[in-house]
file data.cif (mmCIF, C-alpha atoms)
data_final
#
loop_
_atom_site.group_PDB
_atom_site.id
_atom_site.type_symbol
_atom_site.label_atom_id
_atom_site.label_comp_id
_atom_site.auth_asym_id
_atom_site.auth_seq_id
_atom_site.Cartn_x
_atom_site.Cartn_y
_atom_site.Cartn_z
ATOM 1 C CA MET A 1 119.323 124.872 123.244
ATOM 2 C CA THR A 2 118.258 123.025 126.393
ATOM 3 C CA ASP A 3 114.806 124.657 126.267
ATOM 4 C CA SER A 4 114.405 123.459 122.686
ATOM 5 C CA LEU A 5 115.425 119.930 123.660
ATOM 6 C CA LYS A 6 113.015 120.018 126.576
ATOM 7 C CA GLU A 7 110.139 120.979 124.285
ATOM 8 C CA ARG A 8 111.063 118.166 121.912
ATOM 9 C CA ALA A 9 111.092 115.731 124.843
ATOM 10 C CA ARG A 10 107.681 116.994 125.940
ATOM 11 C CA ALA A 11 106.323 116.620 122.392
ATOM 12 C CA LEU A 12 107.530 113.019 122.399
ATOM 13 C CA GLY A 13 105.719 112.358 125.659
ATOM 14 C CA LEU A 14 108.956 111.635 127.553
ATOM 15 C CA HIS A 15 107.477 112.914 130.776
ATOM 16 C CA GLY A 16 110.107 111.276 132.963
ATOM 17 C CA LEU A 17 112.899 113.138 131.200
ATOM 18 C CA VAL A 18 110.966 116.404 131.358
ATOM 19 C CA ALA A 19 110.333 115.981 135.104
ATOM 20 C CA HIS A 20 114.068 115.511 135.749
ATOM 21 C CA TRP A 21 115.276 117.932 133.090
ATOM 22 C CA GLY A 22 117.288 119.964 135.579
ATOM 23 C CA GLU A 23 119.397 116.901 136.279
ATOM 24 C CA ILE A 24 119.984 115.629 132.732
ATOM 25 C CA GLY A 25 119.354 118.555 130.399
ATOM 26 C CA GLU A 26 122.995 119.609 130.223
ATOM 27 C CA HIS A 27 124.320 116.150 129.361
ATOM 28 C CA ASP A 28 125.315 115.483 125.747
ATOM 29 C CA TRP A 29 123.520 112.146 125.692
ATOM 30 C CA ALA A 30 120.145 113.871 126.234
ATOM 31 C CA SER A 31 120.289 115.416 122.771
ATOM 32 C CA ALA A 32 121.264 112.089 121.172
ATOM 33 C CA LEU A 33 118.518 110.252 123.072
ATOM 34 C CA ILE A 34 115.814 112.617 121.875
ATOM 35 C CA ALA A 35 117.102 112.485 118.279
ATOM 36 C CA TRP A 36 117.059 108.665 118.366
ATOM 37 C CA GLU A 37 113.502 108.650 119.667
ATOM 38 C CA GLU A 38 112.355 111.122 117.014
ATOM 39 C CA ASP A 39 113.982 109.127 114.209
ATOM 40 C CA GLU A 40 112.509 105.856 115.440
ATOM 41 C CA ARG A 41 109.021 107.290 115.722
ATOM 42 C CA ARG A 42 109.209 108.814 112.237
ATOM 43 C CA SER A 43 110.354 105.474 110.858
ATOM 44 C CA ARG A 44 107.568 103.544 112.593
ATOM 45 C CA SER A 45 104.983 106.105 111.561
ATOM 46 C CA LEU A 46 106.045 105.847 107.922
ATOM 47 C CA LYS A 47 105.933 102.051 107.967
ATOM 48 C CA ARG A 48 102.497 102.082 109.574
ATOM 49 C CA ARG A 49 101.092 104.613 107.113
ATOM 50 C CA LEU A 50 102.536 102.738 104.135
ATOM 51 C CA ALA A 51 100.928 99.526 105.354
ATOM 52 C CA ASP A 52 97.593 101.248 106.005
ATOM 53 C CA ALA A 53 97.623 102.887 102.558
ATOM 54 C CA ARG A 54 97.536 99.480 100.813
ATOM 55 C CA LEU A 55 99.224 100.776 97.696
ATOM 56 C CA GLY A 56 100.532 97.407 96.560
ATOM 57 C CA GLN A 57 103.094 97.285 93.762
ATOM 58 C CA PHE A 58 103.144 100.082 91.225
ATOM 59 C CA LYS A 59 105.502 101.507 88.622
ATOM 60 C CA PRO A 60 107.389 104.639 89.759
ATOM 61 C CA LEU A 61 106.420 107.745 87.845
ATOM 62 C CA ALA A 62 110.097 108.127 86.896
ATOM 63 C CA ASP A 63 109.630 105.028 84.692
ATOM 64 C CA PHE A 64 106.369 106.245 83.153
ATOM 65 C CA ASP A 65 106.513 106.537 79.373
ATOM 66 C CA TRP A 66 104.998 109.980 78.781
ATOM 67 C CA ASP A 67 105.224 109.508 75.014
ATOM 68 C CA TRP A 68 102.929 106.479 75.038
ATOM 69 C CA PRO A 69 99.550 108.128 75.773
ATOM 70 C CA ARG A 70 98.166 110.153 72.905
ATOM 71 C CA ARG A 71 96.772 112.624 75.424
ATOM 72 C CA CYS A 72 98.130 113.240 78.922
ATOM 73 C CA ASP A 73 98.764 116.561 80.669
ATOM 74 C CA ARG A 74 102.181 115.855 82.186
ATOM 75 C CA MET A 75 102.452 119.300 83.780
ATOM 76 C CA ALA A 76 99.119 118.885 85.567
ATOM 77 C CA ILE A 77 100.169 115.505 86.942
ATOM 78 C CA GLU A 78 103.540 116.826 88.086
ATOM 79 C CA ASP A 79 101.693 119.644 89.856
ATOM 80 C CA LEU A 80 99.580 117.033 91.630
ATOM 81 C CA MET A 81 102.782 115.316 92.780
ATOM 82 C CA GLY A 82 103.542 118.557 94.627
ATOM 83 C CA LEU A 83 100.417 117.834 96.759
ATOM 84 C CA GLY A 84 99.090 121.377 96.636
ATOM 85 C CA PHE A 85 95.603 119.979 96.036
ATOM 86 C CA LEU A 86 95.643 118.493 99.549
ATOM 87 C CA LYS A 87 95.662 121.941 101.125
ATOM 88 C CA GLN A 88 92.858 123.035 98.795
ATOM 89 C CA ALA A 89 90.812 119.884 99.503
ATOM 90 C CA ALA A 90 90.438 119.600 95.723
ATOM 91 C CA ASN A 91 89.305 116.334 94.182
ATOM 92 C CA VAL A 92 91.084 114.764 91.211
ATOM 93 C CA VAL A 93 89.416 112.660 88.515
ATOM 94 C CA LEU A 94 91.583 110.692 86.075
ATOM 95 C CA VAL A 95 89.486 109.648 83.075
ATOM 96 C CA GLY A 96 90.604 107.297 80.333
ATOM 97 C CA PRO A 97 90.403 103.831 78.811
ATOM 98 C CA ASN A 98 91.951 100.728 80.328
ATOM 99 C CA GLY A 99 95.710 100.475 80.630
ATOM 100 C CA VAL A 100 96.752 104.097 80.041
ATOM 101 C CA GLY A 101 98.303 104.614 83.489
ATOM 102 C CA LYS A 102 95.490 106.089 85.609
ATOM 103 C CA SER A 103 96.074 103.750 88.545
ATOM 104 C CA THR A 104 99.853 104.170 88.287
ATOM 105 C CA ILE A 105 99.561 107.949 88.458
ATOM 106 C CA ALA A 106 97.109 107.784 91.368
ATOM 107 C CA ALA A 107 99.344 105.358 93.291
ATOM 108 C CA ASN A 108 102.377 107.603 92.828
ATOM 109 C CA ILE A 109 100.500 110.640 94.124
ATOM 110 C CA ALA A 110 99.250 108.612 97.083
ATOM 111 C CA HIS A 111 102.756 107.339 97.824
ATOM 112 C CA ARG A 112 104.137 110.875 97.817
ATOM 113 C CA ALA A 113 101.408 111.913 100.256
ATOM 114 C CA VAL A 114 102.372 109.066 102.616
ATOM 115 C CA LEU A 115 106.033 110.103 102.481
ATOM 116 C CA GLU A 116 104.992 113.651 103.371
ATOM 117 C CA GLY A 117 103.264 112.448 106.539
ATOM 118 C CA HIS A 118 99.638 112.115 105.390
ATOM 119 C CA THR A 119 97.235 109.257 106.025
ATOM 120 C CA VAL A 120 96.119 107.595 102.799
ATOM 121 C CA ARG A 121 93.862 104.752 101.729
ATOM 122 C CA PHE A 122 94.034 103.317 98.200
ATOM 123 C CA THR A 123 91.127 101.058 97.305
ATOM 124 C CA THR A 124 89.130 99.913 94.325
ATOM 125 C CA ALA A 125 85.506 100.939 94.089
ATOM 126 C CA ALA A 126 84.467 97.277 94.064
ATOM 127 C CA SER A 127 86.408 96.471 97.220
ATOM 128 C CA MET A 128 85.278 99.502 99.206
ATOM 129 C CA LEU A 129 81.605 99.436 98.214
ATOM 130 C CA GLY A 130 81.402 95.657 98.535
ATOM 131 C CA GLU A 131 82.852 95.831 102.038
ATOM 132 C CA LEU A 132 80.495 98.593 103.128
ATOM 133 C CA ALA A 133 77.393 96.991 101.605
ATOM 134 C CA ALA A 134 78.105 93.727 103.420
ATOM 135 C CA ILE A 135 78.063 95.353 106.885
ATOM 136 C CA ASP A 136 74.795 94.586 108.699
ATOM 137 C CA SER A 137 75.394 96.590 111.859
ATOM 138 C CA ASP A 138 74.604 100.300 111.531
ATOM 139 C CA THR A 139 77.144 101.063 114.246
ATOM 140 C CA LEU A 140 79.919 99.238 112.404
ATOM 141 C CA LEU A 141 78.879 100.843 109.113
ATOM 142 C CA GLN A 142 79.041 104.346 110.558
ATOM 143 C CA ARG A 143 82.453 103.578 112.051
ATOM 144 C CA LYS A 144 83.749 102.393 108.663
ATOM 145 C CA LEU A 145 82.282 105.416 106.886
ATOM 146 C CA ARG A 146 84.070 107.693 109.365
ATOM 147 C CA PHE A 147 87.284 105.802 108.648
ATOM 148 C CA TYR A 148 87.061 106.624 104.946
ATOM 149 C CA ALA A 149 85.972 110.181 105.698
ATOM 150 C CA ARG A 150 88.969 111.026 107.905
ATOM 151 C CA GLN A 151 91.769 109.872 105.586
ATOM 152 C CA HIS A 152 93.871 112.829 104.450
ATOM 153 C CA LEU A 153 93.703 111.370 100.928
ATOM 154 C CA LEU A 154 91.320 108.714 99.643
ATOM 155 C CA VAL A 155 91.962 107.077 96.261
ATOM 156 C CA ILE A 156 89.040 105.172 94.723
ATOM 157 C CA ASP A 157 90.291 103.202 91.747
ATOM 158 C CA GLU A 158 88.314 101.663 88.859
ATOM 159 C CA VAL A 159 84.985 103.459 89.215
ATOM 160 C CA GLY A 160 82.804 102.438 86.278
ATOM 161 C CA TYR A 161 84.334 99.053 85.536
ATOM 162 C CA LEU A 162 81.430 97.215 87.180
ATOM 163 C CA SER A 163 77.721 97.848 87.603
ATOM 164 C CA TYR A 164 76.476 98.733 91.091
ATOM 165 C CA SER A 165 73.183 98.774 92.910
ATOM 166 C CA ASN A 166 71.425 101.801 94.377
ATOM 167 C CA ARG A 167 72.804 100.780 97.768
ATOM 168 C CA HIS A 168 76.362 101.012 96.469
ATOM 169 C CA ALA A 169 75.646 104.377 94.852
ATOM 170 C CA ASP A 170 74.233 105.741 98.121
ATOM 171 C CA LEU A 171 77.341 104.620 100.004
ATOM 172 C CA LEU A 172 79.673 106.252 97.485
ATOM 173 C CA PHE A 173 77.615 109.444 97.663
ATOM 174 C CA HIS A 174 77.894 109.416 101.458
ATOM 175 C CA ILE A 175 81.688 109.129 101.330
ATOM 176 C CA VAL A 176 82.136 111.777 98.633
ATOM 177 C CA SER A 177 79.778 114.150 100.460
ATOM 178 C CA SER A 178 81.459 113.681 103.831
ATOM 179 C CA ARG A 179 84.836 114.535 102.313
ATOM 180 C CA SER A 180 83.651 117.380 100.079
ATOM 181 C CA GLN A 181 85.445 120.682 100.772
ATOM 182 C CA GLN A 182 87.320 119.049 103.665
ATOM 183 C CA ARG A 183 89.591 116.322 102.337
ATOM 184 C CA PRO A 184 90.482 115.438 98.731
ATOM 185 C CA THR A 185 89.475 112.299 96.877
ATOM 186 C CA ILE A 186 91.151 110.891 93.774
ATOM 187 C CA ILE A 187 88.918 108.926 91.396
ATOM 188 C CA THR A 188 90.085 106.866 88.428
ATOM 189 C CA THR A 189 87.437 105.891 85.915
ATOM 190 C CA ASN A 190 87.184 104.479 82.422
ATOM 191 C CA ARG A 191 83.896 106.284 81.773
ATOM 192 C CA PRO A 192 83.055 109.943 81.196
ATOM 193 C CA PHE A 193 80.462 111.227 83.657
ATOM 194 C CA SER A 194 77.799 111.031 80.950
ATOM 195 C CA GLU A 195 78.152 107.223 81.082
ATOM 196 C CA TRP A 196 78.139 106.791 84.855
ATOM 197 C CA GLY A 197 74.454 105.937 84.628
ATOM 198 C CA GLU A 198 75.513 102.606 83.138
ATOM 199 C CA ALA A 199 77.632 101.857 86.213
ATOM 200 C CA PHE A 200 74.963 103.127 88.631
ATOM 201 C CA PRO A 201 71.677 102.404 86.847
ATOM 202 C CA ASN A 202 68.563 103.979 88.406
ATOM 203 C CA ALA A 203 70.596 105.587 91.220
ATOM 204 C CA ALA A 204 68.613 108.576 92.450
ATOM 205 C CA CYS A 205 71.740 110.198 93.908
ATOM 206 C CA LEU A 206 73.850 110.000 90.731
ATOM 207 C CA VAL A 207 73.458 113.631 89.662
ATOM 208 C CA ALA A 208 74.225 114.848 93.183
ATOM 209 C CA LEU A 209 77.160 112.437 93.424
ATOM 210 C CA VAL A 210 78.800 113.770 90.260
ATOM 211 C CA ASP A 211 78.019 117.351 91.304
ATOM 212 C CA ARG A 212 79.752 116.933 94.686
ATOM 213 C CA LEU A 213 82.670 115.138 93.106
ATOM 214 C CA VAL A 214 83.474 117.644 90.361
ATOM 215 C CA HIS A 215 82.977 120.731 92.525
ATOM 216 C CA ASN A 216 86.463 122.113 93.181
ATOM 217 C CA ALA A 217 87.976 119.225 91.219
ATOM 218 C CA GLU A 218 90.643 118.829 88.562
ATOM 219 C CA ILE A 219 89.569 116.497 85.778
ATOM 220 C CA ILE A 220 92.468 115.053 83.764
ATOM 221 C CA PRO A 221 91.605 113.062 80.639
ATOM 222 C CA ILE A 222 94.142 110.478 79.459
ATOM 223 C CA ASP A 223 93.822 108.806 76.089
ATOM 224 C CA GLY A 224 95.860 106.132 74.346
ATOM 225 C CA ASP A 225 96.266 102.422 73.754
ATOM 226 C CA SER A 226 96.669 100.021 76.641
ATOM 227 C CA TRP A 227 100.187 100.029 78.075
ATOM 228 C CA ARG A 228 99.557 96.631 79.656
ATOM 229 C CA ARG A 229 98.653 95.195 76.255
ATOM 230 C CA LYS A 230 101.800 96.726 74.785
ATOM 231 C CA GLU A 231 103.952 95.167 77.530
ATOM 232 C CA ALA A 232 102.178 91.817 77.094
ATOM 233 C CA GLU A 233 102.889 91.858 73.339
ATOM 234 C CA GLU A 234 106.540 92.751 73.953
ATOM 235 C CA ARG A 235 106.884 89.902 76.480
ATOM 236 C CA GLN A 236 105.277 87.492 74.025
ATOM 237 C CA LYS A 237 107.667 88.574 71.259
ATOM 238 C CA ALA A 238 110.625 88.120 73.618
ATOM 239 C CA ARG A 239 109.442 84.630 74.620
ATOM 240 C CA THR A 240 108.909 83.655 70.988
ATOM 241 C CA ALA A 241 112.382 84.902 70.049
ATOM 242 C CA GLU A 242 113.928 82.993 72.956
ATOM 243 C CA ARG A 243 112.151 79.763 71.986
ATOM 244 C CA ARG A 244 113.287 80.180 68.372
ATOM 245 C CA ARG A 245 116.865 80.735 69.529
ATOM 246 C CA ARG A 246 116.775 77.587 71.700
ATOM 247 C CA ARG A 247 115.200 75.581 68.885
ATOM 248 C CA ASP A 248 117.871 76.699 66.413
ATOM 249 C CA THR A 249 120.636 75.914 68.910
ATOM 250 C CA THR A 250 119.210 72.441 69.579
ATOM 251 C CA GLY A 251 118.912 71.780 65.826
ATOM 252 C CA GLN A 252 122.526 72.754 65.230
ATOM 253 C CA ARG A 253 123.693 70.374 67.969
ATOM 254 C CA ARG A 254 121.679 67.487 66.532
ATOM 255 C CA THR A 255 123.041 68.164 63.049
ATOM 256 C CA ALA A 256 126.584 68.182 64.368
ATOM 257 C CA LYS A 257 126.092 64.805 66.082
ATOM 258 C CA ALA A 258 124.499 63.228 63.030
ATOM 259 C CA THR A 259 127.329 64.207 60.615
ATOM 260 C CA PRO A 260 129.979 61.338 60.403
ATOM 261 C CA GLY A 261 133.565 62.340 61.260
ATOM 262 C CA CYS A 262 136.078 62.674 58.360
ATOM 263 C CA THR A 263 139.431 60.769 58.606
ATOM 264 C CA SER A 264 142.631 62.419 57.438
ATOM 265 C CA PRO A 265 144.282 60.858 54.308
ATOM 266 C CA ALA A 266 147.309 58.685 55.033
ATOM 267 C CA PRO A 267 150.756 60.029 54.082
ATOM 268 C CA ALA A 268 152.094 58.971 50.627
ATOM 269 C CA GLY A 269 154.801 56.706 52.093
ATOM 270 C CA GLN A 270 152.347 54.738 54.160
ATOM 271 C CA GLU A 271 150.125 54.200 51.122
ATOM 272 C CA ALA A 272 153.133 52.741 49.214
ATOM 273 C CA GLU A 273 154.060 50.370 52.048
ATOM 274 C CA ALA A 274 150.535 49.185 52.262
ATOM 275 C CA SER A 275 150.505 48.337 48.547
#

call {"tool": "encode", "arguments": {"input": "data.cif", "output": "structure tokens"}}
result
Amino acid sequence: MTDSLKERARALGLHGLVAHWGEIGEHDWASALIAWEEDERRSRSLKRRLADARLGQFKPLADFDWDWPRRCDRMAIEDLMGLGFLKQAANVVLVGPNGVGKSTIAANIAHRAVLEGHTVRFTTAASMLGELAAIDSDTLLQRKLRFYARQHLLVIDEVGYLSYSNRHADLLFHIVSSRSQQRPTIITTNRPFSEWGEAFPNAACLVALVDRLVHNAEIIPIDGDSWRRKEAEERQKARTAERRRRRDTTGQRRTAKATPGCTSPAPAGQEAEAS
């Protein structure tokens, strides 16, 4: 037991404790101290990795309406949530129109990877390529490219939504190539690969880029109407119904105030006295 505790203390870098282990190893508080340190470091590591991942807000997969998309391989996505593709360094490409849940699925997979101890970066294609293209220093550019290359999981969201220059295409090719067969990349796109030429017009590396990306990759098509549009329509209907309810309530109050009060008829005896 004490040898195990000593190894845990050494792994934590508590060199002072290790040096004086003969004096404190038998004390009960040594075990509690090491457990506290391990828990605190795990907590700090998780917070740091969550912040570095830049996932933002996203809907949990438990709340995902699987019946909404007309086409969506739920079993394949649930397999991805098991993170087996990380060990295989297999890429994942989620293809489908706007609003069908591609980004939500990718964010959930990325979040699970963070919880399991992996380093993750979630970024849009526009943000990443714009940042890289704006770097003038070759030294700084190479440093940033290495940063994207070493992430255990890189998620590039919204590829194909904008049109990019040859410079952007070359940078994306560099990142995909540097990660190929070593670390997985998740891509979400609204375009089939046959239409990527519209997003990267005249890019000489486009064929090689797609080839590197799809090699050892799982491609999951998702089809359906926009979930965001559906939610927007439901919110609009709810707001309209609420306004109608308030308008009807206000109208009833005004009608009640405008109606004159009715007086009760006087008793028969009082009418006789009055006459």

call {"tool": "atom_distance", "arguments": {"input": "data.cif", "atom1": "CA of Arg41 (chain A)", "atom2": "CA of His27 (chain A)"}}
result
22.3 Å

call {"tool": "resolve_selection", "arguments": {"input": "data.cif", "expression": "the PyMOL selection byres ((chain A and resi 3-12) around 12)", "output": "ChimeraX atom specification"}}
result
/A:1-2,13-22,24-42

call {"tool": "atom_distance", "arguments": {"input": "data.cif", "atom1": "CA of Asp170 (chain A)", "atom2": "CA of Leu209 (chain A)"}}
result
8.7 Å

call {"tool": "closest_residue", "arguments": {"input": "data.cif", "among": "A:Arg70, A:Arg112, A:Arg179, A:Arg191", "to": "Ala53 (chain A)", "atoms": "only C-alpha atoms"}}
result
A:Arg112

call {"tool": "resolve_selection", "arguments": {"input": "data.cif", "expression": "the PyMOL selection byres ((chain A and resi 54-58) around 7)", "output": "ChimeraX atom specification"}}
result
/A:50-53,59-60,104,107,121-122

call {"tool": "resolve_selection", "arguments": {"input": "data.cif", "expression": "the PyMOL selection byres ((chain A and resi 76) around 12)", "output": "list in words"}}
result
Cys72, Asp73, Arg74, Met75, Ile77, Glu78, Asp79, Leu80, Met81, Gly82, Leu83, Gly84, Phe85, Val92, Val93, Leu94, Ile105, Ile109, Glu218, Ile219, Ile220, Pro221 and Ile222 of chain A

call {"tool": "atom_distance", "arguments": {"input": "data.cif", "atom1": "CA of Pro69 (chain A)", "atom2": "CA of Asp225 (chain A)"}}
result
6.9 Å

call {"tool": "closest_residue", "arguments": {"input": "data.cif", "among": "A:Leu115, A:Ala133, A:Leu145, A:Ala126", "to": "Ser43 (chain A)", "atoms": "all atoms listed in the file"}}
result
A:Leu115

call {"tool": "axis_aligned_box", "arguments": {"input": "data.cif", "around": "region 89-108 of chain A", "padding_each_side": "3 Å", "output": "JSON"}}
result
{"center_x": 95.8, "center_y": 110.2, "center_z": 89.2, "size_x": 19.1, "size_y": 25.4, "size_z": 26.7}

call {"tool": "residues_around", "arguments": {"input": "data.cif", "residues": "Phe173 (chain A)", "least_positions_apart": "6", "cutoff": "8 Å", "atoms": "only C-alpha atoms", "output": "PyMOL selection string"}}
result
chain A and resi 205-206+208-209

call {"tool": "closest_residue", "arguments": {"input": "data.cif", "among": "A:Val155, A:Val95, A:Leu213, A:Ala199", "to": "Gln181 (chain A)", "atoms": "all atoms listed in the file"}}
result
A:Leu213

call {"tool": "build_atoms", "arguments": {"input": "data.cif", "residues": "region 176-189 of chain A", "atoms": "N, CA and C atoms", "output": "PDB file, in the frame of the given file"}}
result
ATOM      1  N   VAL A 176      81.735 110.583  99.381  1.00  0.00           N
ATOM      2  CA  VAL A 176      82.136 111.777  98.633  1.00  0.00           C
ATOM      3  C   VAL A 176      81.607 113.036  99.320  1.00  0.00           C
ATOM      4  N   SER A 177      80.377 112.989  99.806  1.00  0.00           N
ATOM      5  CA  SER A 177      79.778 114.150 100.460  1.00  0.00           C
ATOM      6  C   SER A 177      80.478 114.484 101.772  1.00  0.00           C
ATOM      7  N   SER A 178      80.819 113.448 102.530  1.00  0.00           N
ATOM      8  CA  SER A 178      81.459 113.681 103.831  1.00  0.00           C
ATOM      9  C   SER A 178      82.859 114.263 103.682  1.00  0.00           C
ATOM     10  N   ARG A 179      83.485 114.031 102.544  1.00  0.00           N
ATOM     11  CA  ARG A 179      84.836 114.535 102.313  1.00  0.00           C
ATOM     12  C   ARG A 179      84.840 115.864 101.541  1.00  0.00           C
ATOM     13  N   SER A 180      83.727 116.201 100.938  1.00  0.00           N
ATOM     14  CA  SER A 180      83.651 117.380 100.079  1.00  0.00           C
ATOM     15  C   SER A 180      84.053 118.646 100.832  1.00  0.00           C
ATOM     16  N   GLN A 181      84.959 119.407 100.226  1.00  0.00           N
ATOM     17  CA  GLN A 181      85.445 120.682 100.772  1.00  0.00           C
ATOM     18  C   GLN A 181      86.276 120.517 102.045  1.00  0.00           C
ATOM     19  N   GLN A 182      86.529 119.276 102.451  1.00  0.00           N
ATOM     20  CA  GLN A 182      87.320 119.049 103.665  1.00  0.00           C
ATOM     21  C   GLN A 182      88.593 118.252 103.385  1.00  0.00           C
ATOM     22  N   ARG A 183      88.437 117.153 102.667  1.00  0.00           N
ATOM     23  CA  ARG A 183      89.591 116.322 102.337  1.00  0.00           C
ATOM     24  C   ARG A 183      89.447 115.855 100.886  1.00  0.00           C
ATOM     25  N   PRO A 184      90.564 115.774 100.155  1.00  0.00           N
ATOM     26  CA  PRO A 184      90.482 115.438  98.731  1.00  0.00           C
ATOM     27  C   PRO A 184      90.294 113.944  98.472  1.00  0.00           C
ATOM     28  N   THR A 185      89.672 113.669  97.341  1.00  0.00           N
ATOM     29  CA  THR A 185      89.475 112.299  96.877  1.00  0.00           C
ATOM     30  C   THR A 185      89.968 112.203  95.439  1.00  0.00           C
ATOM     31  N   ILE A 186      90.722 111.163  95.142  1.00  0.00           N
ATOM     32  CA  ILE A 186      91.151 110.891  93.774  1.00  0.00           C
ATOM     33  C   ILE A 186      90.311 109.738  93.237  1.00  0.00           C
ATOM     34  N   ILE A 187      89.734 109.945  92.054  1.00  0.00           N
ATOM     35  CA  ILE A 187      88.918 108.926  91.396  1.00  0.00           C
ATOM     36  C   ILE A 187      89.587 108.569  90.070  1.00  0.00           C
ATOM     37  N   THR A 188      89.707 107.282  89.781  1.00  0.00           N
ATOM     38  CA  THR A 188      90.085 106.866  88.428  1.00  0.00           C
ATOM     39  C   THR A 188      88.889 106.156  87.821  1.00  0.00           C
ATOM     40  N   THR A 189      88.611 106.467  86.569  1.00  0.00           N
ATOM     41  CA  THR A 189      87.437 105.891  85.915  1.00  0.00           C
ATOM     42  C   THR A 189      87.685 105.724  84.426  1.00  0.00           C
TER      43      THR A 189
END
